[in-house]
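Okay, data-v3.txt is below, compact mmCIF, C-alpha atoms:
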# COMPACT_ATOMS: atom_id res chain seq x y z
CA GLY T 1 0.00 0.00 0.00
CA ALA T 2 0.81 3.73 0.05
CA VAL T 3 2.01 3.99 -3.55
CA VAL T 4 2.62 7.33 -5.21
CA SER T 5 3.18 7.62 -8.95
CA GLN T 6 4.51 10.45 -11.08
CA HIS T 7 4.07 11.07 -14.77
CA PRO T 8 6.07 11.51 -16.85
CA SER T 9 9.25 9.98 -15.46
CA ARG T 10 11.35 11.94 -17.92
CA VAL T 11 10.57 14.93 -20.09
CA ILE T 12 12.62 17.06 -22.43
CA CYS T 13 11.18 20.36 -23.55
CA LYS T 14 12.30 23.46 -25.37
CA SER T 15 12.97 26.71 -23.62
CA GLY T 16 9.83 28.84 -23.34
CA THR T 17 7.35 25.99 -23.29
CA SER T 18 5.34 24.74 -20.32
CA VAL T 19 5.48 21.29 -18.81
CA LYS T 20 2.97 19.56 -16.54
CA ILE T 21 3.97 16.88 -14.05
CA GLU T 22 1.35 14.72 -12.37
CA CYS T 23 1.52 13.18 -8.91
CA ARG T 24 -1.03 10.53 -7.96
CA SER T 25 -1.69 8.59 -4.80
CA LEU T 26 -2.77 5.21 -6.12
CA ASP T 27 -4.24 3.43 -3.12
CA PHE T 28 -4.95 6.12 -0.56
CA GLN T 29 -6.43 9.58 -0.28
CA ALA T 30 -4.05 12.47 0.23
CA THR T 31 -5.32 15.80 1.47
CA THR T 32 -1.79 17.14 1.37
CA MET T 33 0.90 16.70 -1.24
CA PHE T 34 4.38 18.16 -1.32
CA TRP T 35 6.60 19.11 -4.25
CA TYR T 36 10.38 18.93 -3.97
CA ARG T 37 13.21 19.84 -6.27
CA GLN T 38 16.59 18.15 -6.31
CA PHE T 39 19.67 19.37 -8.14
CA PRO T 40 22.47 16.91 -9.02
CA LYS T 41 24.28 15.64 -5.95
CA GLN T 42 22.21 17.82 -3.68
CA SER T 43 19.45 17.15 -1.22
CA LEU T 44 15.72 17.69 -1.64
CA MET T 45 14.39 21.21 -1.27
CA LEU T 46 10.71 21.68 -0.53
CA MET T 47 9.08 23.91 -3.13
CA ALA T 48 5.47 23.98 -2.00
CA THR T 49 2.76 22.27 -0.04
CA SER T 50 -0.56 21.69 -1.76
CA ASN T 51 -3.82 20.98 -0.04
CA GLU T 52 -6.81 19.55 -1.84
CA GLY T 53 -9.23 22.25 -2.88
CA SER T 54 -7.13 25.22 -1.78
CA LYS T 55 -4.17 27.25 -2.94
CA ALA T 56 -0.69 25.89 -2.52
CA THR T 57 1.72 27.29 0.04
CA TYR T 58 5.07 28.11 -1.51
CA GLU T 59 8.41 28.15 0.24
CA GLN T 60 10.43 31.31 0.34
CA GLY T 61 12.19 31.99 -2.94
CA VAL T 62 9.91 29.80 -5.07
CA GLU T 63 8.06 31.71 -7.79
CA LYS T 64 4.40 30.75 -7.59
CA ASP T 65 3.66 32.17 -11.04
CA LYS T 66 6.35 29.99 -12.56
CA PHE T 67 5.55 26.78 -10.70
CA LEU T 68 1.79 26.39 -10.80
CA ILE T 69 0.38 23.77 -8.48
CA ASN T 70 -3.12 22.39 -8.61
CA HIS T 71 -4.52 19.83 -6.17
CA ALA T 72 -7.93 19.19 -7.66
CA SER T 73 -8.74 15.88 -6.03
CA LEU T 74 -7.70 13.71 -3.09
CA THR T 75 -5.51 11.61 -5.37
CA LEU T 76 -4.00 14.05 -7.84
CA SER T 77 -1.74 17.07 -7.70
CA THR T 78 -0.07 18.68 -10.71
CA LEU T 79 2.98 20.90 -11.04
CA THR T 80 3.22 23.03 -14.16
CA VAL T 81 6.54 24.65 -14.96
CA THR T 82 5.62 27.64 -17.08
CA SER T 83 7.92 29.24 -19.66
CA ALA T 84 10.64 26.77 -18.79
CA HIS T 85 14.29 27.74 -19.00
CA PRO T 86 17.43 25.60 -18.86
CA GLU T 87 17.94 26.52 -15.19
CA ASP T 88 14.62 24.81 -14.42
CA SER T 89 16.19 21.50 -15.43
CA SER T 90 16.10 19.37 -12.32
CA PHE T 91 14.65 16.29 -10.67
CA TYR T 92 11.18 16.96 -9.29
CA ILE T 93 9.78 14.64 -6.61
CA CYS T 94 6.34 14.70 -5.06
CA SER T 95 5.12 13.14 -1.85
CA ALA T 96 1.69 12.56 -0.42
CA ARG T 97 0.38 12.45 3.09
CA SER T 98 -2.39 10.02 3.84
CA THR T 99 -5.51 11.21 5.63
CA SER T 100 -5.05 8.26 8.00
CA ALA T 101 -1.32 8.65 8.70
CA ILE T 102 -0.93 12.38 8.74
CA TYR T 103 2.66 12.52 9.84
CA GLU T 104 4.17 10.19 7.27
CA GLN T 105 4.89 11.08 3.67
CA TYR T 106 5.04 8.65 0.78
CA PHE T 107 7.27 9.63 -2.09
CA GLY T 108 6.86 9.31 -5.84
CA PRO T 109 9.65 8.06 -8.14
CA GLY T 110 10.49 11.52 -9.43
CA THR T 111 10.43 13.29 -12.81
CA ARG T 112 13.58 14.30 -14.62
CA LEU T 113 13.00 17.58 -16.47
CA THR T 114 15.50 18.74 -19.07
CA VAL T 115 14.98 22.09 -20.75
CA THR T 116 16.98 22.64 -23.92
CA LYS F 1 16.80 28.36 11.22
CA GLN F 2 16.07 24.65 11.01
CA GLU F 3 18.98 22.86 9.40
CA VAL F 4 19.86 19.21 9.00
CA THR F 5 23.41 18.08 8.37
CA GLN F 6 24.79 14.66 7.54
CA ILE F 7 28.31 13.42 8.07
CA PRO F 8 30.18 12.06 6.25
CA ALA F 9 29.18 13.36 2.83
CA ALA F 10 30.63 10.25 1.22
CA LEU F 11 31.79 6.91 2.53
CA SER F 12 33.45 3.92 0.89
CA VAL F 13 33.75 0.65 2.80
CA PRO F 14 34.58 -2.97 1.98
CA GLU F 15 31.78 -5.48 1.94
CA GLY F 16 30.90 -6.96 5.31
CA GLU F 17 31.86 -3.93 7.36
CA ASN F 18 29.51 -2.39 9.90
CA LEU F 19 29.05 1.34 9.47
CA VAL F 20 27.38 4.38 11.00
CA LEU F 21 25.87 7.36 9.25
CA ASN F 22 25.27 10.53 11.22
CA CYS F 23 22.53 13.13 11.08
CA SER F 24 22.36 16.28 13.20
CA PHE F 25 19.63 18.90 13.42
CA THR F 26 19.72 22.40 14.87
CA ASP F 27 16.17 22.57 16.24
CA SER F 28 15.55 19.72 18.66
CA ALA F 29 11.78 20.26 18.89
CA ILE F 30 11.14 17.57 16.32
CA TYR F 31 8.04 15.48 15.83
CA ASN F 32 9.69 12.63 13.97
CA LEU F 33 12.76 11.73 11.95
CA GLN F 34 12.95 9.52 8.91
CA TRP F 35 15.80 7.81 7.09
CA PHE F 36 15.54 7.30 3.33
CA ARG F 37 17.57 5.58 0.67
CA GLN F 38 17.90 7.03 -2.84
CA ASP F 39 19.40 5.16 -5.76
CA PRO F 40 20.84 7.24 -8.64
CA GLY F 41 18.12 8.93 -10.66
CA LYS F 42 15.38 7.39 -8.54
CA GLY F 43 12.92 8.47 -5.90
CA LEU F 44 13.11 7.86 -2.18
CA THR F 45 12.66 4.60 -0.32
CA SER F 46 11.69 4.99 3.31
CA LEU F 47 13.89 2.90 5.60
CA LEU F 48 12.95 3.82 9.15
CA LEU F 49 10.68 6.32 10.86
CA ILE F 50 11.34 7.32 14.47
CA GLN F 51 8.80 9.27 16.48
CA SER F 52 10.16 11.88 18.88
CA SER F 53 9.18 9.73 21.85
CA GLN F 54 11.23 6.78 20.60
CA ARG F 55 14.93 6.11 21.03
CA GLU F 56 15.47 3.70 18.17
CA GLN F 57 13.92 1.65 15.40
CA THR F 58 15.21 -1.52 13.78
CA SER F 59 14.54 -3.16 10.45
CA GLY F 60 16.69 -6.11 9.43
CA ARG F 61 20.31 -5.00 9.25
CA LEU F 62 19.37 -1.38 9.88
CA ASN F 63 19.11 0.36 13.22
CA ALA F 64 18.33 4.03 13.66
CA SER F 65 18.74 5.84 16.96
CA LEU F 66 17.49 9.23 18.03
CA ASP F 67 18.82 11.58 20.71
CA LYS F 68 16.57 14.60 20.66
CA SER F 69 18.38 16.51 23.38
CA SER F 70 21.66 16.48 21.49
CA GLY F 71 20.01 16.92 18.10
CA ARG F 72 21.41 13.72 16.62
CA SER F 73 20.38 10.54 14.89
CA THR F 74 22.50 7.69 13.63
CA LEU F 75 21.81 4.98 11.08
CA TYR F 76 23.71 1.78 11.74
CA ILE F 77 24.11 -0.69 8.89
CA ALA F 78 25.36 -4.12 9.86
CA ALA F 79 27.31 -6.43 7.57
CA SER F 80 27.19 -4.07 4.61
CA GLN F 81 26.62 -5.43 1.11
CA PRO F 82 27.29 -3.96 -2.36
CA GLY F 83 23.52 -3.64 -2.77
CA ASP F 84 23.52 -1.13 0.08
CA SER F 85 25.36 1.35 -2.14
CA ALA F 86 23.14 4.43 -2.46
CA THR F 87 22.63 7.89 -1.04
CA TYR F 88 21.14 7.94 2.44
CA LEU F 89 19.07 10.92 3.49
CA CYS F 90 17.68 11.81 6.87
CA ALA F 91 14.67 14.10 7.13
CA VAL F 92 13.26 15.82 10.18
CA GLY F 93 9.58 16.58 10.66
CA TYR F 94 8.46 19.31 13.01
CA GLY F 95 4.79 18.43 13.21
CA GLY F 96 2.22 21.18 12.99
CA ALA F 97 -0.47 21.23 10.35
CA THR F 98 1.66 19.71 7.60
CA ASN F 99 4.77 18.19 9.24
CA LYS F 100 6.87 19.31 6.30
CA LEU F 101 10.21 17.59 6.18
CA ILE F 102 13.61 19.24 6.33
CA PHE F 103 16.10 17.06 4.48
CA GLY F 104 19.74 16.56 5.31
CA THR F 105 22.58 16.89 2.87
CA GLY F 106 22.89 13.14 2.34
CA THR F 107 25.65 10.55 2.61
CA LEU F 108 26.77 8.77 -0.54
CA LEU F 109 27.68 5.21 0.43
CA ALA F 110 29.73 2.85 -1.73
CA VAL F 111 30.21 -0.72 -0.55
CA GLN F 112 33.06 -2.38 -2.38
CA PRO F 113 32.75 -6.10 -3.18
For the file at hand, write its structure as structure tokens.
Amino acid sequence: GAVVSQHPSRVICKSGTSVKIECRSLDFQATTMFWYRQFPKQSLMLMATSNEGSKATYEQGVEKDKFLINHASLTLSTLTVTSAHPEDSSFYICSARSTSAIYEQYFGPGTRLTVT
Amino acid sequence: KQEVTQIPAALSVPEGENLVLNCSFTDSAIYNLQWFRQDPGKGLTSLLLIQSSQREQTSGRLNASLDKSSGRSTLYIAASQPGDSATYLCAVGYGGATNKLIFGTGTLLAVQP
């Protein structure tokens, strides 16, 4: 149980385009999902916390107009990188918190974004 | 500021050796602490979760301890194997409405056959 999926696993896009990444909790309901970013050989940095049906809370320094987060249902959150640039290339990982185990997060497999 | 640091940054050991990875955190008012494993280019695999009221957790060859007062946790790996090679991350949760995690800097472990 407690499986989180991400789609796509890898994406290459051209500079200036937008990319959407999906995060799904497959076998549980998640009122809260988290989005992290990881640069090569570095740790995970929390970008934002999304709650189902409300606006996401962004960490300091994260541009909310560039990284659009939507948490439309209890099993799906999306991250859209708008007008992507090469410096947005990174590994994006989501996690989900179950409504029944509120203090444990389950992580997705990550999405490798490359902007050319 | 809540910071989590892991020492060493990298470690290479021969197969069969017992080893200890260290995690320290600046704010000791934690709710829980979690150890993860990350293989190259992959997501996170949760290894052990320790609640603030606990002193240690064990799973197979892994043992994690927690000393809240000193702001430290250790991950002990017994009889290391080449398959244990990965990056190990500790993450500290501070509870509250979301219990967002603060991740450590990671330890890259290589177990030589």
Name the closest residue to chain F among the candidates T:Asn70, T:Ser43, T:Ser54, T:Gln105; distances are taken between atoms, counting all atoms listed in the file. T:Ser43
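Near (4.8, 28.8, -23.5), the residues that fall inside 9 Å on the basis of all atoms listed in the file are Ser15, Gly16, Thr17, Ser18, Val19, Thr82, Ser83 and Ala84 of chain T.
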Could you list as a ChimeraX atom specification every residue that has an atom within 12 Å of (-4.6, 6.5, -9.1), using the file's coordinates and counting only C-alpha atoms? /T:2-7,22-30,73-77
At a cut-off of 12 Å, which residues of chain T touch chain F? Count all atoms listed in the file and give the answer as a PyMOL selection string. chain T and resi 2-6+9-10+30-51+57-59+90-99+101-113
Using atom CA of Pro14 of chain F and atom CA of Leu48 of chain F as the two end points, give the distance in Å to one decimal. 23.8 Å
Identify, on the basis of only C-alpha atoms, every residue whose closest approach to Glu56 of chain F does not exceed 6 Å; exclude the query and any residue fewer than 5 positions from it along the same chain; express the result as number ranges by chain. F: 64-66
Straight-line distance linking atom CA of Val20 of chain F with atom CA of Thr74 of chain F, stated in Å to one decimal: 6.5 Å
At what distance in Å, to one decimal, does atom CA of Ala86 of chain F lie from atom CA of Ala10 of chain F? 10.2 Å
As number ranges by chain, please: the residues near Gly83 of chain F (cut-off 10 Å, all atoms listed in the file, same-chain neighbours under 3 positions excluded). F: 15, 80, 86, 110-113
Contacts of Leu79 of chain T at 7 Å or less, counting only C-alpha atoms, minus same-chain residues fewer than 5 places along, as a list in words?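 Final neighbour list, sorted by chain and number: Lys20, Ile21, Glu22, Phe67, Leu68, Ile69 and Asn70 of chain T.
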Which centre and which edge lengths, in Å to one decimal, describe the axis-aligned box that holds all listed atoms of segment 61-72 of chain F after 5 Å is added on each side, as JSON?
{"center_x": 19.1, "center_y": 6.0, "center_z": 16.3, "size_x": 15.1, "size_y": 31.9, "size_z": 24.1}
Between F:Leu47, F:Leu62, F:Ala78, F:Ile7, single out the one closest to Leu21 of chain F, counting all atoms listed in the file.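 Looking at the shortest contact to Leu21 of chain F, the residue is F:Ile7.
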